[in-house]
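Colleague: I'd like to ask you about the structure that follows.
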Amino acid sequence: MNDAQLYKLPQGTERLVLDEAFRRQVLTHRVQNLFTSWGYQPVQTPVFDFYDLYAPFLGTKSDSVYRLVDREGDLLVLRSDITLFLARSMGVVLSEGHTPLRVCYADTILRHQDLEDISANEFYQIGAEFIGSQGPEGDWELLLLLDEILTLLGLGEARIHLGSRALFDAAFGTLSPGRRRDLLKAVTLRRWSDVGDLASVFGYQGDAAGVKALGSLPGVSPQVKAELLALADRAATLETLGAADRFRVDLSEVGRHDYYTGLVFQVYQPGLGDALATGGRYDKLFSQFGLDSPSVGFSLHLGKVEHLVDLGDLSAPSAAPKAQGTTFADRVRQARILRSQGRNATL
Amino acid sequence: MNAAPLTLALPKGRLFDQVQDHFGRRGLKFDFNDRKLTALDESGTLKVILVKNADLPTYVHHGIAGLGVCGDDVVYESGHEFTHLLALAFGATKMALAARKDHVRDEPPGHLTIATKFTRFTRDYFHGLGIPVKIIRLDGSVELAPVLGLAPYIVDLVETGSTLKANGLEVLETLKTIGVNLFANTAYFKLRYQEIGRLVDTLKS
């Protein structure tokens, strides 16, 4: 046996055992129950699919996906982004008569991460998508669902930052793809000297009222102003209906994927070095796979916060006591009694 | 939730005294006593962590320190990206290509051998120009490489050029000006942008 391989994990995979795996199972179950109560139906996407279908959407992320060749010689890609795999699966199966449709998932993704980055915990994602959702109500629904999940997980300090890819497109949509890519990065990393006149717009963090006021700044075009007002409208409702202080407007949020077309958001939690959940509106993605349907969705990296969540008085199976009794049959009877009382027991 | 001080990683070595002085003159005074590697500034605004230069981006990337100060070169080599906060007016230096004064370009076309500590920068820089390079990674005393014949060229930080001169080397070309910046872990900035904004204003004054 090759000892070097035995103790190593291939990059881009994770291993959860015993109490860790139990914790994940419990939390997944709790979130799935919440999805069910909101009318979201589970879907499962394939582990791999044809690479060429996804290549146009991967952008710089194509470096980190795993590719393989099947027996017919077709190039495959392992599931690296559930939203993309879901759009392809559902896009082919559904027709416009099926929408609106609310779906949810809990699944692993596989992609390469640098050795130093293995603590990023991005392999297990739990998320929801509202396919065929038009207008602000779909955005509000998804964000209020996400707000409720954060509350369910006890993450009272988590903040949802709202931005808009449509705002970015209104400001810079006519530039070349290369220049747009540079500007997306400059806005995200707040390198304002590269952004120009609109730096004071994209640098804004605050509330709905503040973002509305930005519309009257000099140099703001009617298109940019319209997007600012649309975002202010989204944020004002969320400020009223969501958990206290949960939502913030943050115009440096422009979405991590090019398939976003409208509202985008990321969730931050004290103590975590990266966003815990990401999402947004992607009105054109499904049409690439045969279903012309505006949609909005999010995914949450449960692995990043599992250790922060208090499971309450739930007893782990590792703590199950052995049933009392002199014979095996006695212990079976005693264990049945304990289990009927909602307690754990081993034989 | 924001009562805790902001955490700032500072690099040991050449930059530390300048950073300490710059912050101190703006009311953020801190000292590292008894060989400790963490300190709180007198106003309680900042918890300062002292780390090795090359490790600094790792601490900030993982959010162990929310803020960091170091040179562009170190951040570039780490491959991580951060929220830019402020360019500091000291510690600037240059990344340069150097060789022996008497060097003659005798490698065949398509071959350029460079010894450097800055492998990522060197690769990206020359690939950006369409020039393939062979890189030999060294961790220090890079000037020795051309002298001893390990590689005809080096890419290294050059301040005064006196080390190069002492070893019979000269700068062939300045590749990039390297500045010193204050930056933040992006998620950390998002949660504490108001306090960080105040800190940046203080440091700008």
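Every chain in the structure tokens has a letter given in the order shown (A, B, ...), and although residue numbers restart at 1 in each chain, ligands are simply numbered from 1 in the order shown.
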Counting only C-alpha atoms, what is within 8 Å of region 159-168 of chain B, bar same-chain residues fewer than 5 positions away, as a PyMOL selection string?
Modeller: chain B and resi 93-94+100-101+143-144+147
Colleague: Give me the residues within 8 Å of Phe247 (chain A) as a VMD selection string, counting only C-alpha atoms and dropping any in the same chain fewer than 5 places off.
Modeller: chain A and resid 159 to 162 235 238 to 239 242
Colleague: Restrict the selected residues to N, CA and C atoms and save them as a PDB file, in the first residue's frame.
Modeller:
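Result saved to out28.pdb:
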```pdb
ATOM      1  N   ARG A 159     -24.576  39.425   8.659  1.00  0.00           N
ATOM      2  CA  ARG A 159     -25.151  40.562   7.933  1.00  0.00           C
ATOM      3  C   ARG A 159     -25.252  40.235   6.444  1.00  0.00           C
ATOM      4  N   ILE A 160     -26.386  40.574   5.861  1.00  0.00           N
ATOM      5  CA  ILE A 160     -26.582  40.353   4.420  1.00  0.00           C
ATOM      6  C   ILE A 160     -26.327  41.678   3.701  1.00  0.00           C
ATOM      7  N   HIS A 161     -25.301  41.686   2.864  1.00  0.00           N
ATOM      8  CA  HIS A 161     -24.939  42.898   2.124  1.00  0.00           C
ATOM      9  C   HIS A 161     -25.565  42.865   0.729  1.00  0.00           C
ATOM     10  N   LEU A 162     -26.335  43.891   0.422  1.00  0.00           N
ATOM     11  CA  LEU A 162     -27.065  43.936  -0.845  1.00  0.00           C
ATOM     12  C   LEU A 162     -26.376  44.865  -1.832  1.00  0.00           C
ATOM     13  N   ALA A 235     -34.211  47.256  -0.750  1.00  0.00           N
ATOM     14  CA  ALA A 235     -33.634  47.310   0.598  1.00  0.00           C
ATOM     15  C   ALA A 235     -34.644  47.846   1.613  1.00  0.00           C
ATOM     16  N   LEU A 238     -36.890  45.109   2.825  1.00  0.00           N
ATOM     17  CA  LEU A 238     -36.169  44.122   3.640  1.00  0.00           C
ATOM     18  C   LEU A 238     -35.855  44.678   5.020  1.00  0.00           C
ATOM     19  N   GLU A 239     -35.541  45.961   5.076  1.00  0.00           N
ATOM     20  CA  GLU A 239     -35.261  46.579   6.380  1.00  0.00           C
ATOM     21  C   GLU A 239     -36.486  46.478   7.283  1.00  0.00           C
ATOM     22  N   GLY A 242     -37.223  42.046   7.579  1.00  0.00           N
ATOM     23  CA  GLY A 242     -36.191  41.101   8.011  1.00  0.00           C
ATOM     24  C   GLY A 242     -35.842  41.266   9.481  1.00  0.00           C
TER      25      GLY A 242
END
```
Colleague: When you look at region 14-22 of chain A with a cut-off of 9 Å (counting only C-alpha atoms), what residues show up, excluding the ones that are within fewer than 4 positions of it in the same chain? I need them as a PyMOL selection string.
Modeller: chain A and resi 9-10+26-27+118+121+123+306-307+316-318
Colleague: Counting only C-alpha atoms, what is within 6 Å of region 131-147 of chain A, bar same-chain residues fewer than 5 positions away, as number ranges by chain?
Modeller: A: 99-101, 293-295
Colleague: Write out as a PyMOL selection string which residues come within 9 Å of Val254 (chain A) when counting only C-alpha atoms, dropping same-chain ones fewer than 3 positions away.
Modeller: chain A and resi 162-168+184+187-188+251+257+260+263-265
Colleague: Using only C-alpha atoms, find the one residue out of B:Gly63, B:Gly128, B:Gly179, B:Gly27 that sits nearest to Leu272 (chain A).
Modeller: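 Ranked by minimum distance to Leu272 (chain A), first place goes to B:Gly63.
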Colleague: Quick one: contact table of region 44-110 of chain B to region 188-194 of chain B, 12 Å max, nearest atom pair and distance in Å to one decimal per residue, counting only C-alpha atoms, chain and number order, as CSV?
Modeller:
```
residue,atom,partner,partner_atom,distance
B:Val60,CA,B:Tyr188,CA,9.2
B:His61,CA,B:Tyr188,CA,9.8
B:His62,CA,B:Tyr188,CA,10.0
B:Gly63,CA,B:Tyr188,CA,6.9
B:Ile64,CA,B:Tyr188,CA,9.8
B:Ala65,CA,B:Tyr188,CA,8.9
B:Gly66,CA,B:Tyr188,CA,5.6
B:Leu67,CA,B:Tyr188,CA,8.1
B:Gly68,CA,B:Tyr188,CA,11.5
B:Phe82,CA,B:Phe189,CA,9.5
B:Thr83,CA,B:Phe189,CA,7.4
B:His84,CA,B:Phe189,CA,9.8
B:Leu85,CA,B:Phe189,CA,9.5
```
Colleague: I'd like a table as JSON lines: residues in chain A with an atom no more than 10 Å from chain B, each row giving the shortest atom pair and its distance in Å to one decimal, only C-alpha atoms counted, sorted by chain and rising residue number.
Modeller:
```
{"residue": "A:Glu116", "atom": "CA", "partner": "B:Thr58", "partner_atom": "CA", "distance": 8.3}
{"residue": "A:Asp117", "atom": "CA", "partner": "B:His62", "partner_atom": "CA", "distance": 8.8}
{"residue": "A:Ser119", "atom": "CA", "partner": "B:His62", "partner_atom": "CA", "distance": 8.5}
{"residue": "A:Ala120", "atom": "CA", "partner": "B:His62", "partner_atom": "CA", "distance": 8.4}
{"residue": "A:Glu157", "atom": "CA", "partner": "B:Met1", "partner_atom": "CA", "distance": 7.4}
{"residue": "A:Ala158", "atom": "CA", "partner": "B:Leu191", "partner_atom": "CA", "distance": 8.8}
{"residue": "A:Arg159", "atom": "CA", "partner": "B:Leu191", "partner_atom": "CA", "distance": 7.5}
{"residue": "A:Ile160", "atom": "CA", "partner": "B:Leu191", "partner_atom": "CA", "distance": 9.9}
{"residue": "A:His161", "atom": "CA", "partner": "B:Lys190", "partner_atom": "CA", "distance": 8.1}
{"residue": "A:Lys185", "atom": "CA", "partner": "B:Glu81", "partner_atom": "CA", "distance": 9.6}
{"residue": "A:Ala186", "atom": "CA", "partner": "B:His84", "partner_atom": "CA", "distance": 9.2}
{"residue": "A:Val187", "atom": "CA", "partner": "B:Thr83", "partner_atom": "CA", "distance": 9.4}
{"residue": "A:Thr188", "atom": "CA", "partner": "B:Thr83", "partner_atom": "CA", "distance": 7.6}
{"residue": "A:Leu189", "atom": "CA", "partner": "B:Thr83", "partner_atom": "CA", "distance": 4.3}
{"residue": "A:Arg190", "atom": "CA", "partner": "B:Thr83", "partner_atom": "CA", "distance": 5.8}
{"residue": "A:Arg191", "atom": "CA", "partner": "B:His84", "partner_atom": "CA", "distance": 5.8}
{"residue": "A:Trp192", "atom": "CA", "partner": "B:His84", "partner_atom": "CA", "distance": 8.7}
{"residue": "A:Gln205", "atom": "CA", "partner": "B:Tyr193", "partner_atom": "CA", "distance": 8.3}
{"residue": "A:Gly206", "atom": "CA", "partner": "B:Gln194", "partner_atom": "CA", "distance": 9.9}
{"residue": "A:Arg248", "atom": "CA", "partner": "B:Lys190", "partner_atom": "CA", "distance": 9.7}
{"residue": "A:Asp250", "atom": "CA", "partner": "B:Lys190", "partner_atom": "CA", "distance": 8.3}
{"residue": "A:Ser252", "atom": "CA", "partner": "B:Lys190", "partner_atom": "CA", "distance": 9.7}
{"residue": "A:Glu253", "atom": "CA", "partner": "B:Lys190", "partner_atom": "CA", "distance": 10.0}
{"residue": "A:Gln266", "atom": "CA", "partner": "B:Ala187", "partner_atom": "CA", "distance": 9.5}
{"residue": "A:Val267", "atom": "CA", "partner": "B:Ala187", "partner_atom": "CA", "distance": 8.8}
{"residue": "A:Tyr268", "atom": "CA", "partner": "B:Ala187", "partner_atom": "CA", "distance": 6.0}
{"residue": "A:Gln269", "atom": "CA", "partner": "B:Leu191", "partner_atom": "CA", "distance": 7.6}
{"residue": "A:Pro270", "atom": "CA", "partner": "B:Leu191", "partner_atom": "CA", "distance": 7.1}
{"residue": "A:Gly271", "atom": "CA", "partner": "B:Gly63", "partner_atom": "CA", "distance": 6.6}
{"residue": "A:Leu272", "atom": "CA", "partner": "B:Gly63", "partner_atom": "CA", "distance": 6.2}
{"residue": "A:Gly273", "atom": "CA", "partner": "B:Gly63", "partner_atom": "CA", "distance": 4.2}
{"residue": "A:Asp274", "atom": "CA", "partner": "B:Ala187", "partner_atom": "CA", "distance": 5.2}
{"residue": "A:Ala275", "atom": "CA", "partner": "B:Ala187", "partner_atom": "CA", "distance": 6.2}
{"residue": "A:Leu276", "atom": "CA", "partner": "B:Ala187", "partner_atom": "CA", "distance": 9.3}
```
Colleague: If you run DSSP over the backbone, which residues in chain B end up strand (DSSP E or B)? Put them as a PyMOL selection string.
Modeller: chain B and resi 6-11+38-40+46-51+67-71+83-100+113-116+134-137+153-158+169-184
Colleague: Enumerate the residues of region 73-164 of chain A with a DSSP assignment of helix (DSSP H, G or I), computed from the backbone, and present them as a PyMOL selection string.
Modeller: chain A and resi 82-93+96-98+115-120+135-152
Colleague: Those residues you just picked out, can you put them in a file as a compact mmCIF listing (two decimals), in the first residue's frame with N, CA and C atoms?
Modeller:
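Output (part_26.txt):
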```txt
# COMPACT_ATOMS: atom_id res chain seq x y z
N ILE A 82 -23.36 24.52 -8.16
CA ILE A 82 -24.67 23.86 -8.20
C ILE A 82 -25.68 24.66 -9.02
N THR A 83 -25.61 26.00 -8.94
CA THR A 83 -26.55 26.83 -9.71
C THR A 83 -26.46 26.51 -11.21
N LEU A 84 -25.25 26.37 -11.72
CA LEU A 84 -25.07 26.06 -13.14
C LEU A 84 -25.62 24.68 -13.48
N PHE A 85 -25.30 23.70 -12.64
CA PHE A 85 -25.76 22.34 -12.90
C PHE A 85 -27.28 22.26 -12.81
N LEU A 86 -27.83 23.05 -11.88
CA LEU A 86 -29.27 23.05 -11.69
C LEU A 86 -29.96 23.71 -12.89
N ALA A 87 -29.38 24.79 -13.37
CA ALA A 87 -29.97 25.49 -14.52
C ALA A 87 -30.01 24.57 -15.73
N ARG A 88 -28.95 23.82 -15.92
CA ARG A 88 -28.88 22.90 -17.06
C ARG A 88 -29.90 21.77 -16.87
N SER A 89 -29.95 21.17 -15.66
CA SER A 89 -30.87 20.05 -15.42
C SER A 89 -32.30 20.49 -15.58
N MET A 90 -32.66 21.60 -14.92
CA MET A 90 -34.04 22.04 -14.91
C MET A 90 -34.42 22.68 -16.24
N GLY A 91 -33.46 23.38 -16.84
CA GLY A 91 -33.73 24.07 -18.11
C GLY A 91 -34.19 23.11 -19.18
N VAL A 92 -33.61 21.91 -19.18
CA VAL A 92 -33.94 20.93 -20.21
C VAL A 92 -35.28 20.26 -19.91
N VAL A 93 -35.55 20.04 -18.63
CA VAL A 93 -36.73 19.27 -18.23
C VAL A 93 -38.00 20.11 -18.19
N GLU A 96 -42.23 26.47 -19.76
CA GLU A 96 -42.72 27.64 -19.05
C GLU A 96 -43.97 27.37 -18.22
N GLY A 97 -44.72 26.32 -18.58
CA GLY A 97 -45.91 25.97 -17.79
C GLY A 97 -45.58 25.51 -16.38
N HIS A 98 -44.33 25.06 -16.17
CA HIS A 98 -43.96 24.56 -14.83
C HIS A 98 -43.61 25.65 -13.85
N LEU A 115 -3.45 24.28 -1.53
CA LEU A 115 -3.18 23.59 -0.28
C LEU A 115 -3.48 24.47 0.93
N GLU A 116 -3.11 25.76 0.85
CA GLU A 116 -3.32 26.66 1.98
C GLU A 116 -4.78 27.03 2.14
N ASP A 117 -5.58 26.74 1.13
CA ASP A 117 -6.95 27.21 1.14
C ASP A 117 -7.95 26.15 1.55
N ILE A 118 -7.46 25.00 2.01
CA ILE A 118 -8.41 23.92 2.26
C ILE A 118 -9.36 24.25 3.40
N SER A 119 -9.02 25.25 4.20
CA SER A 119 -9.94 25.61 5.29
C SER A 119 -11.08 26.49 4.78
N ALA A 120 -11.15 26.72 3.48
CA ALA A 120 -12.20 27.58 2.96
C ALA A 120 -13.59 26.96 3.11
N GLY A 135 -39.73 40.25 -10.86
CA GLY A 135 -40.00 41.42 -10.04
C GLY A 135 -39.46 41.30 -8.64
N PRO A 136 -39.71 42.32 -7.84
CA PRO A 136 -39.08 42.40 -6.53
C PRO A 136 -39.53 41.33 -5.54
N GLU A 137 -40.75 40.79 -5.73
CA GLU A 137 -41.25 39.86 -4.70
C GLU A 137 -40.39 38.61 -4.61
N GLY A 138 -39.86 38.14 -5.75
CA GLY A 138 -38.98 36.98 -5.74
C GLY A 138 -37.69 37.28 -4.97
N ASP A 139 -37.13 38.48 -5.21
CA ASP A 139 -35.92 38.88 -4.49
C ASP A 139 -36.18 38.92 -2.98
N TRP A 140 -37.31 39.53 -2.64
CA TRP A 140 -37.64 39.63 -1.21
C TRP A 140 -37.81 38.25 -0.58
N GLU A 141 -38.53 37.37 -1.32
CA GLU A 141 -38.80 36.04 -0.77
C GLU A 141 -37.50 35.30 -0.45
N LEU A 142 -36.58 35.29 -1.44
CA LEU A 142 -35.32 34.56 -1.24
C LEU A 142 -34.51 35.15 -0.09
N LEU A 143 -34.50 36.46 -0.01
CA LEU A 143 -33.70 37.10 1.03
C LEU A 143 -34.32 36.92 2.41
N LEU A 144 -35.64 36.91 2.48
CA LEU A 144 -36.27 36.68 3.78
C LEU A 144 -36.11 35.22 4.20
N LEU A 145 -36.08 34.32 3.21
CA LEU A 145 -35.80 32.91 3.50
C LEU A 145 -34.38 32.76 4.05
N LEU A 146 -33.45 33.43 3.39
CA LEU A 146 -32.05 33.37 3.85
C LEU A 146 -31.92 33.95 5.25
N ASP A 147 -32.59 35.06 5.49
CA ASP A 147 -32.61 35.69 6.81
C ASP A 147 -33.11 34.70 7.86
N GLU A 148 -34.15 33.95 7.51
CA GLU A 148 -34.72 33.00 8.47
C GLU A 148 -33.76 31.83 8.72
N ILE A 149 -33.04 31.41 7.69
CA ILE A 149 -32.05 30.34 7.88
C ILE A 149 -30.96 30.81 8.84
N LEU A 150 -30.50 32.03 8.66
CA LEU A 150 -29.45 32.55 9.54
C LEU A 150 -29.95 32.60 10.98
N THR A 151 -31.21 32.99 11.15
CA THR A 151 -31.79 33.02 12.49
C THR A 151 -31.90 31.61 13.05
N LEU A 152 -32.34 30.66 12.20
CA LEU A 152 -32.45 29.26 12.62
C LEU A 152 -31.10 28.72 13.09
```
Colleague: Write out as a PDB file with C-alpha atoms, in the first residue's frame the residues lying within 12 Å of Leu78 (chain A), counting only C-alpha atoms and excluding same-chain residues fewer than 5 positions away.
Modeller:
```
ATOM      1  CA  GLY A  12     -10.813  19.596  -3.464  1.00  0.00           C
ATOM      2  CA  THR A  13     -12.323  16.904  -1.278  1.00  0.00           C
ATOM      3  CA  THR A  45     -28.059  17.495  -9.749  1.00  0.00           C
ATOM      4  CA  PRO A  46     -25.654  15.062 -11.478  1.00  0.00           C
ATOM      5  CA  VAL A  47     -22.123  14.760 -10.152  1.00  0.00           C
ATOM      6  CA  PHE A  48     -20.645  15.315 -13.604  1.00  0.00           C
ATOM      7  CA  ASP A  49     -21.808  16.633 -16.939  1.00  0.00           C
ATOM      8  CA  PHE A  50     -20.432  17.655 -20.327  1.00  0.00           C
ATOM      9  CA  TYR A  51     -17.767  20.324 -19.904  1.00  0.00           C
ATOM     10  CA  TYR A  54     -20.536  25.031 -18.831  1.00  0.00           C
ATOM     11  CA  SER A  62     -12.256  27.119 -15.239  1.00  0.00           C
ATOM     12  CA  SER A  64     -10.204  25.135 -10.597  1.00  0.00           C
ATOM     13  CA  VAL A  65     -12.684  22.618 -12.034  1.00  0.00           C
ATOM     14  CA  TYR A  66     -11.919  18.927 -12.383  1.00  0.00           C
ATOM     15  CA  ARG A  67     -12.244  17.560 -15.885  1.00  0.00           C
ATOM     16  CA  LEU A  68     -12.239  13.970 -17.083  1.00  0.00           C
ATOM     17  CA  VAL A  69     -12.874  12.040 -20.278  1.00  0.00           C
ATOM     18  CA  ASP A  70     -15.649   9.461 -20.463  1.00  0.00           C
ATOM     19  CA  LEU A  84     -25.074  26.060 -13.138  1.00  0.00           C
ATOM     20  CA  PHE A  85     -25.762  22.335 -12.898  1.00  0.00           C
ATOM     21  CA  THR A 108     -21.248  18.783  -2.407  1.00  0.00           C
ATOM     22  CA  ILE A 109     -19.240  20.491  -5.087  1.00  0.00           C
ATOM     23  CA  LEU A 110     -15.793  19.466  -6.251  1.00  0.00           C
ATOM     24  CA  ARG A 111     -13.148  21.883  -7.313  1.00  0.00           C
ATOM     25  CA  HIS A 112      -9.479  22.378  -6.778  1.00  0.00           C
TER      26      HIS A 112
END
```
